[in-house]
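Source file: target38.cif; contents: mmCIF, C-alpha atoms and all ligand atoms.
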```cif
data_coords
#
loop_
_atom_site.label_atom_id
_atom_site.label_comp_id
_atom_site.auth_asym_id
_atom_site.auth_seq_id
_atom_site.Cartn_x
_atom_site.Cartn_y
_atom_site.Cartn_z
CA MET Y 1 0.00 0.00 0.00
CA ALA Y 2 1.55 3.30 -1.09
CA SER Y 3 0.41 6.75 -0.08
CA PRO Y 4 -1.06 9.15 -2.62
CA THR Y 5 1.05 12.26 -3.17
CA ILE Y 6 0.42 16.00 -3.07
CA LYS Y 7 2.17 18.33 -5.52
CA LEU Y 8 3.91 21.06 -3.56
CA ASN Y 9 4.30 24.65 -4.80
CA SER Y 10 8.01 23.80 -5.25
CA GLY Y 11 7.02 21.30 -7.95
CA TYR Y 12 7.95 18.21 -5.92
CA GLU Y 13 5.49 15.43 -5.02
CA MET Y 14 5.08 14.75 -1.29
CA PRO Y 15 3.46 11.57 0.11
CA GLN Y 16 0.21 12.50 1.83
CA VAL Y 17 0.58 9.90 4.58
CA GLY Y 18 3.97 9.83 6.25
CA PHE Y 19 5.59 8.62 9.45
CA GLY Y 20 6.33 10.79 12.50
CA LEU Y 21 9.56 10.36 14.48
CA TRP Y 22 9.01 12.40 17.65
CA LYS Y 23 9.64 10.38 20.82
CA VAL Y 24 10.75 7.29 18.90
CA ASP Y 25 13.31 5.83 21.34
CA ASN Y 26 16.89 5.79 20.11
CA ALA Y 27 17.16 2.09 20.96
CA VAL Y 28 14.37 1.10 18.55
CA CYS Y 29 14.49 3.98 16.10
CA ALA Y 30 16.59 2.39 13.32
CA ASP Y 31 14.39 -0.73 13.35
CA THR Y 32 11.23 1.38 13.44
CA VAL Y 33 12.26 3.41 10.38
CA TYR Y 34 13.39 0.25 8.57
CA ASN Y 35 10.09 -1.52 9.38
CA ALA Y 36 8.07 1.52 8.34
CA ILE Y 37 9.86 1.55 4.97
CA LYS Y 38 9.05 -2.15 4.62
CA ALA Y 39 5.42 -1.37 5.49
CA GLY Y 40 5.34 1.11 2.59
CA TYR Y 41 6.06 4.50 4.22
CA ARG Y 42 8.12 6.84 2.09
CA LEU Y 43 7.87 10.13 4.03
CA PHE Y 44 9.68 10.44 7.37
CA ASP Y 45 9.17 13.48 9.57
CA GLY Y 46 12.24 14.07 11.71
CA ALA Y 47 13.87 16.94 13.58
CA CYS Y 48 17.09 17.85 15.32
CA ASP Y 49 15.06 18.20 18.51
CA TYR Y 50 13.90 14.56 18.41
CA GLY Y 51 17.49 13.51 19.13
CA ASN Y 52 17.27 10.40 16.94
CA GLU Y 53 18.40 11.50 13.48
CA LYS Y 54 21.49 9.25 13.47
CA GLU Y 55 19.34 6.21 14.22
CA CYS Y 56 16.80 7.28 11.58
CA GLY Y 57 19.66 7.46 9.10
CA GLU Y 58 20.77 3.93 10.06
CA GLY Y 59 17.26 2.61 9.34
CA VAL Y 60 17.18 4.37 5.97
CA ALA Y 61 20.69 3.20 5.05
CA ARG Y 62 19.82 -0.42 5.87
CA ALA Y 63 16.68 -0.32 3.71
CA ILE Y 64 18.59 1.24 0.81
CA LYS Y 65 21.46 -1.24 1.16
CA GLU Y 66 19.03 -4.16 1.07
CA GLY Y 67 17.42 -2.77 -2.09
CA ILE Y 68 14.01 -2.24 -0.44
CA VAL Y 69 13.93 1.39 -1.50
CA LYS Y 70 16.02 3.94 -3.36
CA ARG Y 71 16.94 7.32 -1.88
CA GLU Y 72 14.93 9.12 -4.58
CA GLU Y 73 11.80 7.20 -3.58
CA LEU Y 74 12.00 8.55 -0.04
CA PHE Y 75 10.81 11.96 1.13
CA ILE Y 76 12.86 12.95 4.16
CA VAL Y 77 11.71 15.89 6.25
CA SER Y 78 13.68 17.55 9.02
CA LYS Y 79 13.52 20.77 10.99
CA LEU Y 80 15.74 23.65 12.03
CA TRP Y 81 15.88 23.95 15.81
CA GLN Y 82 15.53 27.40 17.34
CA THR Y 83 19.10 27.71 18.59
CA PHE Y 84 20.23 27.62 14.95
CA HIS Y 85 18.13 30.52 13.61
CA ASP Y 86 21.09 32.91 13.26
CA GLU Y 87 21.87 33.27 9.55
CA ASP Y 88 25.40 31.88 9.76
CA LYS Y 89 24.28 28.83 11.77
CA VAL Y 90 21.61 27.49 9.41
CA GLU Y 91 23.78 25.87 6.75
CA PRO Y 92 26.33 24.25 9.11
CA ILE Y 93 23.64 22.61 11.23
CA THR Y 94 21.74 21.46 8.15
CA ARG Y 95 24.93 19.80 6.92
CA LYS Y 96 25.34 18.07 10.30
CA GLN Y 97 21.74 16.85 10.22
CA LEU Y 98 22.19 15.57 6.66
CA ALA Y 99 25.32 13.71 7.76
CA ASP Y 100 23.36 12.13 10.63
CA TRP Y 101 20.73 10.95 8.14
CA GLN Y 102 23.53 9.75 5.74
CA ILE Y 103 21.94 11.71 2.88
CA ASP Y 104 22.97 14.78 0.88
CA TYR Y 105 19.67 16.66 0.64
CA PHE Y 106 16.43 16.96 2.58
CA ASP Y 107 13.23 16.76 0.58
CA LEU Y 108 11.75 19.31 2.96
CA PHE Y 109 13.33 21.36 5.73
CA LEU Y 110 11.12 23.34 8.12
CA ILE Y 111 11.55 26.11 10.65
CA HIS Y 112 10.41 24.13 13.72
CA PHE Y 113 9.04 27.02 15.81
CA PRO Y 114 8.84 30.73 14.90
CA ALA Y 115 11.01 31.95 17.78
CA ALA Y 116 14.81 32.22 17.79
CA LEU Y 117 16.93 31.08 20.75
CA GLU Y 118 20.55 31.92 21.49
CA TYR Y 119 23.05 29.62 19.77
CA VAL Y 120 24.31 26.57 21.63
CA ASP Y 121 27.32 24.87 20.04
CA PRO Y 122 26.55 21.23 19.16
CA SER Y 123 29.79 20.20 20.90
CA VAL Y 124 28.36 21.62 24.15
CA ARG Y 125 24.97 19.90 23.94
CA TYR Y 126 23.05 18.24 21.09
CA PRO Y 127 20.18 18.40 20.63
CA PRO Y 128 20.20 21.66 22.58
CA GLY Y 129 16.54 21.83 23.63
CA TRP Y 130 14.97 25.00 24.95
CA PHE Y 131 17.30 25.94 27.78
CA TYR Y 132 20.60 27.72 27.19
CA ASP Y 133 22.13 25.99 30.23
CA GLY Y 134 20.29 22.70 29.60
CA LYS Y 135 18.22 23.21 32.74
CA SER Y 136 16.22 26.36 33.21
CA GLU Y 137 17.52 29.45 31.44
CA VAL Y 138 15.81 30.45 28.19
CA ARG Y 139 17.83 32.96 26.14
CA TRP Y 140 16.23 34.51 23.09
CA SER Y 141 18.21 35.47 19.99
CA LYS Y 142 17.59 38.77 18.24
CA THR Y 143 17.53 37.08 14.82
CA THR Y 144 14.30 37.77 12.96
CA LEU Y 145 12.23 35.21 11.10
CA GLN Y 146 12.96 37.11 7.88
CA GLN Y 147 16.72 36.63 8.39
CA THR Y 148 16.26 32.92 9.13
CA TRP Y 149 14.01 32.47 6.11
CA GLY Y 150 16.68 34.04 3.90
CA ALA Y 151 19.15 31.43 5.18
CA MET Y 152 16.58 28.68 4.53
CA GLU Y 153 16.23 29.90 0.93
CA LYS Y 154 19.99 29.59 0.54
CA LEU Y 155 19.69 25.89 1.48
CA VAL Y 156 17.54 25.44 -1.61
CA ASP Y 157 20.04 27.41 -3.72
CA ALA Y 158 22.84 25.15 -2.43
CA GLY Y 159 20.87 21.95 -3.13
CA LEU Y 160 20.73 20.97 0.55
CA ALA Y 161 16.92 21.15 0.68
CA ARG Y 162 14.53 20.67 -2.23
CA SER Y 163 11.62 22.39 -0.51
CA ILE Y 164 11.45 24.54 2.60
CA GLY Y 165 8.57 25.19 4.94
CA ILE Y 166 7.35 26.42 8.29
CA SER Y 167 5.88 24.87 11.40
CA ASN Y 168 3.86 26.16 14.34
CA TYR Y 169 3.26 29.49 12.57
CA GLN Y 170 0.00 31.32 13.14
CA ALA Y 171 -1.74 33.45 10.49
CA GLN Y 172 0.15 36.66 11.30
CA SER Y 173 3.56 35.04 10.85
CA VAL Y 174 2.41 33.32 7.64
CA TYR Y 175 1.30 36.67 6.20
CA ASP Y 176 4.59 38.20 7.29
CA ASN Y 177 6.60 35.42 5.60
CA LEU Y 178 4.73 35.90 2.34
CA LEU Y 179 5.75 39.58 2.27
CA TYR Y 180 9.44 38.76 1.99
CA ALA Y 181 9.69 35.13 0.79
CA ARG Y 182 11.67 34.74 -2.43
CA ILE Y 183 10.87 31.03 -2.14
CA ARG Y 184 7.41 30.56 -0.65
CA PRO Y 185 6.97 27.93 2.07
CA ALA Y 186 5.92 24.64 0.49
CA THR Y 187 4.25 23.38 3.66
CA LEU Y 188 2.94 24.57 6.99
CA GLN Y 189 3.08 21.89 9.70
CA ILE Y 190 0.63 22.44 12.55
CA GLU Y 191 -1.12 20.64 15.37
CA HIS Y 192 -4.45 19.65 13.87
CA HIS Y 193 -7.11 17.27 15.20
CA PRO Y 194 -10.83 17.54 16.01
CA TYR Y 195 -10.05 19.36 19.31
CA LEU Y 196 -7.83 21.93 17.50
CA GLN Y 197 -9.08 22.48 13.96
CA GLN Y 198 -7.79 26.01 13.20
CA PRO Y 199 -10.01 26.36 10.09
CA ASP Y 200 -9.00 29.95 9.32
CA LEU Y 201 -5.30 29.10 9.39
CA VAL Y 202 -5.82 26.00 7.22
CA ASN Y 203 -7.91 28.02 4.73
CA LEU Y 204 -5.32 30.79 4.60
CA ALA Y 205 -2.48 28.36 3.87
CA GLN Y 206 -4.43 26.41 1.28
CA LYS Y 207 -5.55 29.63 -0.46
CA GLU Y 208 -1.89 30.69 -0.64
CA GLY Y 209 -0.86 27.35 -2.17
CA ILE Y 210 0.89 26.15 1.01
CA THR Y 211 0.23 22.47 1.80
CA VAL Y 212 -0.80 21.89 5.40
CA THR Y 213 0.62 18.91 7.27
CA ALA Y 214 -1.33 17.90 10.37
CA TYR Y 215 0.64 16.67 13.33
CA SER Y 216 -0.70 14.91 16.43
CA SER Y 217 -3.77 13.77 14.46
CA PHE Y 218 -4.87 11.70 17.46
CA GLY Y 219 -4.93 14.71 19.79
CA PRO Y 220 -4.09 13.95 23.44
CA THR Y 221 -2.92 10.38 22.67
CA GLY Y 222 0.44 11.69 21.47
CA PHE Y 223 0.95 13.68 24.70
CA MET Y 224 0.08 11.12 27.39
CA GLU Y 225 3.40 11.38 29.22
CA ILE Y 226 3.18 15.15 29.58
CA GLU Y 227 1.98 16.28 33.00
CA ASP Y 228 -0.59 18.72 31.74
CA PHE Y 229 -4.18 19.17 32.82
CA ARG Y 230 -5.40 19.65 29.24
CA VAL Y 231 -4.19 16.18 28.29
CA LYS Y 232 -5.67 14.61 31.45
CA HIS Y 233 -9.07 16.19 30.94
CA ALA Y 234 -9.44 15.72 27.19
CA ALA Y 235 -11.19 12.44 26.38
CA PRO Y 236 -9.09 10.27 24.04
CA LEU Y 237 -10.27 10.97 20.49
CA MET Y 238 -10.16 7.30 19.52
CA GLU Y 239 -12.74 6.62 22.25
CA SER Y 240 -15.01 9.49 21.30
CA PRO Y 241 -18.58 8.21 20.62
CA VAL Y 242 -18.77 10.47 17.54
CA ILE Y 243 -15.54 9.12 16.03
CA LYS Y 244 -16.39 5.51 16.98
CA GLU Y 245 -19.83 5.75 15.39
CA ILE Y 246 -18.38 7.11 12.13
CA ALA Y 247 -15.70 4.38 12.19
CA THR Y 248 -18.30 1.62 12.64
CA LYS Y 249 -20.41 3.04 9.81
CA HIS Y 250 -17.44 2.95 7.39
CA LYS Y 251 -16.00 -0.32 8.80
CA LYS Y 252 -12.77 1.49 9.67
CA THR Y 253 -10.89 2.11 12.91
CA PRO Y 254 -11.25 5.41 14.82
CA ALA Y 255 -7.59 6.16 13.96
CA GLN Y 256 -8.33 5.77 10.26
CA VAL Y 257 -11.29 8.15 10.59
CA LEU Y 258 -9.09 10.76 12.31
CA LEU Y 259 -6.46 10.50 9.58
CA ARG Y 260 -8.99 10.49 6.73
CA TRP Y 261 -10.71 13.57 8.18
CA ALA Y 262 -7.46 15.43 7.50
CA THR Y 263 -6.40 13.85 4.19
CA GLN Y 264 -9.87 14.15 2.63
CA ARG Y 265 -9.63 17.91 3.21
CA GLY Y 266 -6.27 18.07 1.40
CA LEU Y 267 -3.92 17.93 4.41
CA ALA Y 268 -0.99 15.55 4.81
CA VAL Y 269 -0.62 13.44 7.98
CA ILE Y 270 2.38 11.96 9.82
CA PRO Y 271 1.13 9.48 12.45
CA LYS Y 272 3.59 7.55 14.57
CA THR Y 273 3.53 4.02 15.98
CA SER Y 274 6.07 1.31 16.66
CA ARG Y 275 3.67 -1.56 15.89
CA SER Y 276 3.82 -3.02 12.35
CA GLU Y 277 0.11 -3.82 12.12
CA VAL Y 278 -0.76 -0.28 13.21
CA MET Y 279 1.73 1.16 10.70
CA ALA Y 280 -0.15 -0.66 7.94
CA GLN Y 281 -3.52 0.46 9.28
CA ASN Y 282 -2.51 4.13 9.37
CA LEU Y 283 -1.04 4.02 5.87
CA ASP Y 284 -4.22 2.33 4.63
CA SER Y 285 -6.47 5.23 5.66
CA VAL Y 286 -7.14 6.99 2.36
CA ASN Y 287 -9.39 4.57 0.47
CA PHE Y 288 -12.77 5.69 1.87
CA ASN Y 289 -14.59 9.00 2.20
CA LEU Y 290 -16.40 10.61 5.08
CA ASP Y 291 -19.77 12.06 4.14
CA ASP Y 292 -21.02 15.59 4.79
CA GLY Y 293 -22.83 14.49 7.95
CA ASP Y 294 -19.59 12.99 9.34
CA LEU Y 295 -17.67 16.17 8.52
CA THR Y 296 -20.27 18.34 10.26
CA LYS Y 297 -20.21 16.18 13.39
CA ILE Y 298 -16.41 16.33 13.57
CA ALA Y 299 -16.41 20.11 12.94
CA GLU Y 300 -18.60 20.45 16.04
CA MET Y 301 -15.93 18.74 18.20
CA ASP Y 302 -13.57 21.73 17.97
CA LEU Y 303 -12.54 22.91 21.47
CA ASN Y 304 -9.54 24.99 20.43
CA ILE Y 305 -7.31 23.04 22.84
CA ARG Y 306 -3.60 23.04 22.01
CA PHE Y 307 -1.51 20.26 23.52
CA ASN Y 308 1.85 21.07 21.93
CA LYS Y 309 2.99 24.28 23.50
CA PRO Y 310 6.17 24.93 25.41
CA THR Y 311 4.35 26.31 28.44
CA ASN Y 312 2.65 22.92 28.81
CA TYR Y 313 6.04 21.26 29.24
CA PHE Y 314 7.58 23.53 31.81
CA SER Y 315 6.38 26.39 33.92
CA ALA Y 316 6.11 29.75 32.21
CA ASP Y 317 8.52 31.43 34.66
CA LYS Y 318 11.35 29.39 33.14
CA LEU Y 319 10.45 30.69 29.71
CA PHE Y 320 10.09 34.40 30.25
P1 LIG P 401 0.34 10.89 17.01
O1 LIG P 401 -0.81 11.82 16.97
O2 LIG P 401 0.81 10.24 15.77
O3 LIG P 401 -0.01 9.82 18.13
C1 LIG P 401 0.91 8.86 18.51
C2 LIG P 401 0.27 7.93 19.52
O4 LIG P 401 -0.87 7.30 18.92
C3 LIG P 401 1.20 6.83 19.95
O5 LIG P 401 0.93 6.59 21.31
C4 LIG P 401 0.77 5.64 19.10
O6 LIG P 401 1.03 4.41 19.71
C5 LIG P 401 -0.71 5.89 18.96
N1 LIG P 401 -1.25 5.37 17.68
C6 LIG P 401 -0.76 5.61 16.44
N2 LIG P 401 -1.55 4.99 15.52
C7 LIG P 401 -2.54 4.37 16.19
C8 LIG P 401 -3.65 3.56 15.79
N3 LIG P 401 -3.89 3.31 14.50
N4 LIG P 401 -4.46 3.06 16.75
C9 LIG P 401 -4.22 3.32 18.05
N5 LIG P 401 -3.20 4.08 18.51
C10 LIG P 401 -2.35 4.59 17.57
O7 LIG P 401 1.57 11.55 17.74
P2 LIG P 401 2.62 12.65 17.62
O8 LIG P 401 3.92 11.95 17.71
O9 LIG P 401 2.26 13.72 18.57
O10 LIG P 401 2.49 13.31 16.16
C11 LIG P 401 2.93 12.66 15.00
C12 LIG P 401 4.20 13.29 14.43
O11 LIG P 401 4.00 14.67 14.16
C13 LIG P 401 5.41 13.31 15.38
O12 LIG P 401 6.00 12.04 15.51
C14 LIG P 401 6.28 14.34 14.72
O13 LIG P 401 6.94 13.79 13.60
C15 LIG P 401 5.24 15.36 14.29
N6 LIG P 401 5.11 16.47 15.27
C16 LIG P 401 5.58 17.69 14.92
C17 LIG P 401 5.50 18.74 15.84
C18 LIG P 401 6.02 20.11 15.45
O14 LIG P 401 6.20 20.95 16.35
N7 LIG P 401 6.22 20.38 14.19
C19 LIG P 401 4.94 18.54 17.10
C20 LIG P 401 4.44 17.28 17.42
C21 LIG P 401 4.51 16.25 16.49
#
```

Kindly return the structure encoded in the file as structure tokens.
Ligand code: NAD
Amino acid sequence: MASPTIKLNSGYEMPQVGFGLWKVDNAVCADTVYNAIKAGYRLFDGACDYGNEKECGEGVARAIKEGIVKREELFIVSKLWQTFHDEDKVEPITRKQLADWQIDYFDLFLIHFPAALEYVDPSVRYPPGWFYDGKSEVRWSKTTLQQTWGAMEKLVDAGLARSIGISNYQAQSVYDNLLYARIRPATLQIEHHPYLQQPDLVNLAQKEGITVTAYSSFGPTGFMEIEDFRVKHAAPLMESPVIKEIATKHKKTPAQVLLRWATQRGLAVIPKTSRSEVMAQNLDSVNFNLDDGDLTKIAEMDLNIRFNKPTNYFSADKLF
């Protein structure tokens, strides 16, 4: 089972269903990537911050060596961490990340969050995370998003990234980017599930020809280990009576309904699992359609709850 593709504004085709790599343990990461390739995944969504790019690269290299896939059949996504926003830091860290993946270009490279942090040398700590001292001190950089975007565009010029994009931007920062972008963002990656639908942001991006990738399609399920009251109080989406009823009607699983809700509306998805049978199930989520009644019921589930925000991970006084 292969994923359908979406043509990006850069001209490249991107698989619509990919595989997420956040919180994939280093010990199992190479095998997970290798198994996901065997299951038919071609898009992998990584990041410096996930701390597992070397292991991801090992999984990819093994699959290529065994002839299961060719490099050009894969679509490898990674992200620029915030401590590398300064213009002169973007290319060197991209080269390091490429070396970790054992590849010479990213298919797509994203600005992970639209906020610059002070540089931390990789020899001091890698991945650097949020805190300058590794513990509690957040230091902002004065680099603007326009400066960072200019450095991202140079990655395309240098052949290190085929497409570039943005993540966790809101409408204002998307508008701002479009004022100065020489190369427009190919994708906008955002948290998107029935509890956080952000219809205006999705419409804006789609109207501007920017493909939206939904992350954390299963809502609170991806955030279970985070000590946050929003996660504790939000009912798991896969157990929602609305989602279960729609799933039963279409003879699909609730997870497949949650993924199809996004892909049917033109978004890409990047679910994550370590289980082979679940990998196959998630990839096989595009061959049915929700009807208008289903879409209306899911639209009514919007609570505007965001699970992925730094202040949910640590107290705000450490941030500001
Ligand atoms: P997710 O929404 O994919 O949920 C993962 C959880 O759901 C895991 O516990 C998994 O076991 C379970 N699961 C997966 N498929 C299932 C199925 N079919 N049935 C039952 N349970 C299932 O989690 P996520 O990791 O938050 O998001 C996916 C990816 O999005 C990440 O791995 C990462 O690549 C990306 N992401 C990006 C950002 C960003 O800031 N850009 C933030 C969060 C996530």

**Message:** At a cut-off of 6 Å and counting only C-alpha atoms and all ligand atoms, what residues surround ligand LIG 401 (chain P)? Please answer as an MDAnalysis selection string.
**Reply:** chainID Y and resid 20:22 45:46 112 167 189 215:219 221:222 255 270:273 278 281:282

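The nearest approach to Ala186 of chain Y among the residues Y:Val138, Y:Leu110, Y:Ile76, Y:Leu145, with all atoms listed in the file taken into account, belongs to Y:Leu110.
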
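Shortest separation to Phe109 of chain Y among Y:Ser240, Y:Ser78, Y:Asn52, Y:Ser10 occurs at residue Y:Ser78, atoms counted being all atoms listed in the file.
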
What residues have an atom no more than 6 Å from (15.6, 29.7, 15.8) in the file's own frame, counting all atoms listed in the file, and can you write them as a PDB file with C-alpha atoms, keeping the file's coordinate frame?
```
ATOM      1  CA  TRP Y  81      15.880  23.950  15.810  1.00  0.00           C
ATOM      2  CA  GLN Y  82      15.530  27.400  17.340  1.00  0.00           C
ATOM      3  CA  THR Y  83      19.100  27.710  18.590  1.00  0.00           C
ATOM      4  CA  PHE Y  84      20.230  27.620  14.950  1.00  0.00           C
ATOM      5  CA  HIS Y  85      18.130  30.520  13.610  1.00  0.00           C
ATOM      6  CA  ALA Y 115      11.010  31.950  17.780  1.00  0.00           C
ATOM      7  CA  ALA Y 116      14.810  32.220  17.790  1.00  0.00           C
ATOM      8  CA  LEU Y 117      16.930  31.080  20.750  1.00  0.00           C
TER       9      LEU Y 117
END
```

**Request:** Using all atoms listed in the file, determine which residues lie at most 8 Å from Tyr195 of chain Y, disregarding the query and same-chain residues fewer than 5 positions distant; provide the list as a PyMOL selection string.
**Result:** chain Y and resi 219+301-306

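Of the residues under consideration (Y:Arg265, Y:Gly134, Y:Ile103, Y:Gly11), Y:Gly11 shows the shortest atom-to-atom contact distance to Ile183 of chain Y when counting only C-alpha atoms.
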
**Asked** Could you work out how far atom CA of Ala151 of chain Y lies from atom CA of Ser123 of chain Y, giving the answer in Å with one decimal?
**Response** 22.1 Å

**Message:** At a cut-off of 10 Å, using all atoms listed in the file, what residues contact Ala247 of chain Y? Leave out same-chain residues fewer than 6 positions from it and give the result as an MDAnalysis selection string.
**Reply:** chainID Y and resid 238 241 253:258 290 294

**Request:** Counting only C-alpha atoms, find the residues whose atoms lie at most 12 Å from (22.2, 18.4, 1.3) (file coordinates) and write them out as number ranges by chain.
**Result:** Y: 76-78, 91-109, 154-163

Those selected residues, please, written with C-alpha atoms and delivered as a PDB file, keeping the file's coordinate frame.
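Listing of out18.pdb after writing:
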```pdb
ATOM      1  CA  ILE Y  76      12.860  12.950   4.160  1.00  0.00           C
ATOM      2  CA  VAL Y  77      11.710  15.890   6.250  1.00  0.00           C
ATOM      3  CA  SER Y  78      13.680  17.550   9.020  1.00  0.00           C
ATOM      4  CA  GLU Y  91      23.780  25.870   6.750  1.00  0.00           C
ATOM      5  CA  PRO Y  92      26.330  24.250   9.110  1.00  0.00           C
ATOM      6  CA  ILE Y  93      23.640  22.610  11.230  1.00  0.00           C
ATOM      7  CA  THR Y  94      21.740  21.460   8.150  1.00  0.00           C
ATOM      8  CA  ARG Y  95      24.930  19.800   6.920  1.00  0.00           C
ATOM      9  CA  LYS Y  96      25.340  18.070  10.300  1.00  0.00           C
ATOM     10  CA  GLN Y  97      21.740  16.850  10.220  1.00  0.00           C
ATOM     11  CA  LEU Y  98      22.190  15.570   6.660  1.00  0.00           C
ATOM     12  CA  ALA Y  99      25.320  13.710   7.760  1.00  0.00           C
ATOM     13  CA  ASP Y 100      23.360  12.130  10.630  1.00  0.00           C
ATOM     14  CA  TRP Y 101      20.730  10.950   8.140  1.00  0.00           C
ATOM     15  CA  GLN Y 102      23.530   9.750   5.740  1.00  0.00           C
ATOM     16  CA  ILE Y 103      21.940  11.710   2.880  1.00  0.00           C
ATOM     17  CA  ASP Y 104      22.970  14.780   0.880  1.00  0.00           C
ATOM     18  CA  TYR Y 105      19.670  16.660   0.640  1.00  0.00           C
ATOM     19  CA  PHE Y 106      16.430  16.960   2.580  1.00  0.00           C
ATOM     20  CA  ASP Y 107      13.230  16.760   0.580  1.00  0.00           C
ATOM     21  CA  LEU Y 108      11.750  19.310   2.960  1.00  0.00           C
ATOM     22  CA  PHE Y 109      13.330  21.360   5.730  1.00  0.00           C
ATOM     23  CA  LYS Y 154      19.990  29.590   0.540  1.00  0.00           C
ATOM     24  CA  LEU Y 155      19.690  25.890   1.480  1.00  0.00           C
ATOM     25  CA  VAL Y 156      17.540  25.440  -1.610  1.00  0.00           C
ATOM     26  CA  ASP Y 157      20.040  27.410  -3.720  1.00  0.00           C
ATOM     27  CA  ALA Y 158      22.840  25.150  -2.430  1.00  0.00           C
ATOM     28  CA  GLY Y 159      20.870  21.950  -3.130  1.00  0.00           C
ATOM     29  CA  LEU Y 160      20.730  20.970   0.550  1.00  0.00           C
ATOM     30  CA  ALA Y 161      16.920  21.150   0.680  1.00  0.00           C
ATOM     31  CA  ARG Y 162      14.530  20.670  -2.230  1.00  0.00           C
ATOM     32  CA  SER Y 163      11.620  22.390  -0.510  1.00  0.00           C
TER      33      SER Y 163
END
```

**Message:** If I take atom CA of Asp176 of chain Y and atom CA of Thr211 of chain Y, how far is one from the other in Å, to one decimal?
**Reply:**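 Between these atoms lies a distance of 17.2 Å.
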
**Residue nearest Met1 of chain Y - candidates Y:Leu295, Y:Val120, Y:Leu267, Y:Leu283, atoms counted: all atoms listed in the file** =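 Of Y:Leu295, Y:Val120, Y:Leu267, Y:Leu283, the one nearest Met1 of chain Y is Y:Leu283, counting all atoms listed in the file.
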
**Request:** Name the residues in contact with Asp228 of chain Y at a cut-off of 12 Å, using only C-alpha atoms, excluding same-chain residues fewer than 2 positions from it; report them as a PyMOL selection string.
**Result:** chain Y and resi 220+223-226+230-234+305-315

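Minimum distance to Arg260 of chain Y across Y:Arg125, Y:Leu188, Y:Val17, Y:Lys79 (counting only C-alpha atoms) occurs at Y:Val17.
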
**Prompt:** Hey, which of Y:Asn168, Y:Val28, Y:Pro127, Y:Gly67 ends up closest to Ile111 of chain Y? Count all atoms listed in the file.
**Reply:**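 Closest residue, counting all atoms listed in the file: Y:Asn168.
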
**Prompt:** What is the atom CA of Ala268 of chain Y to atom CA of Ala39 of chain Y distance in Å?
**Reply:** 18.1 Å
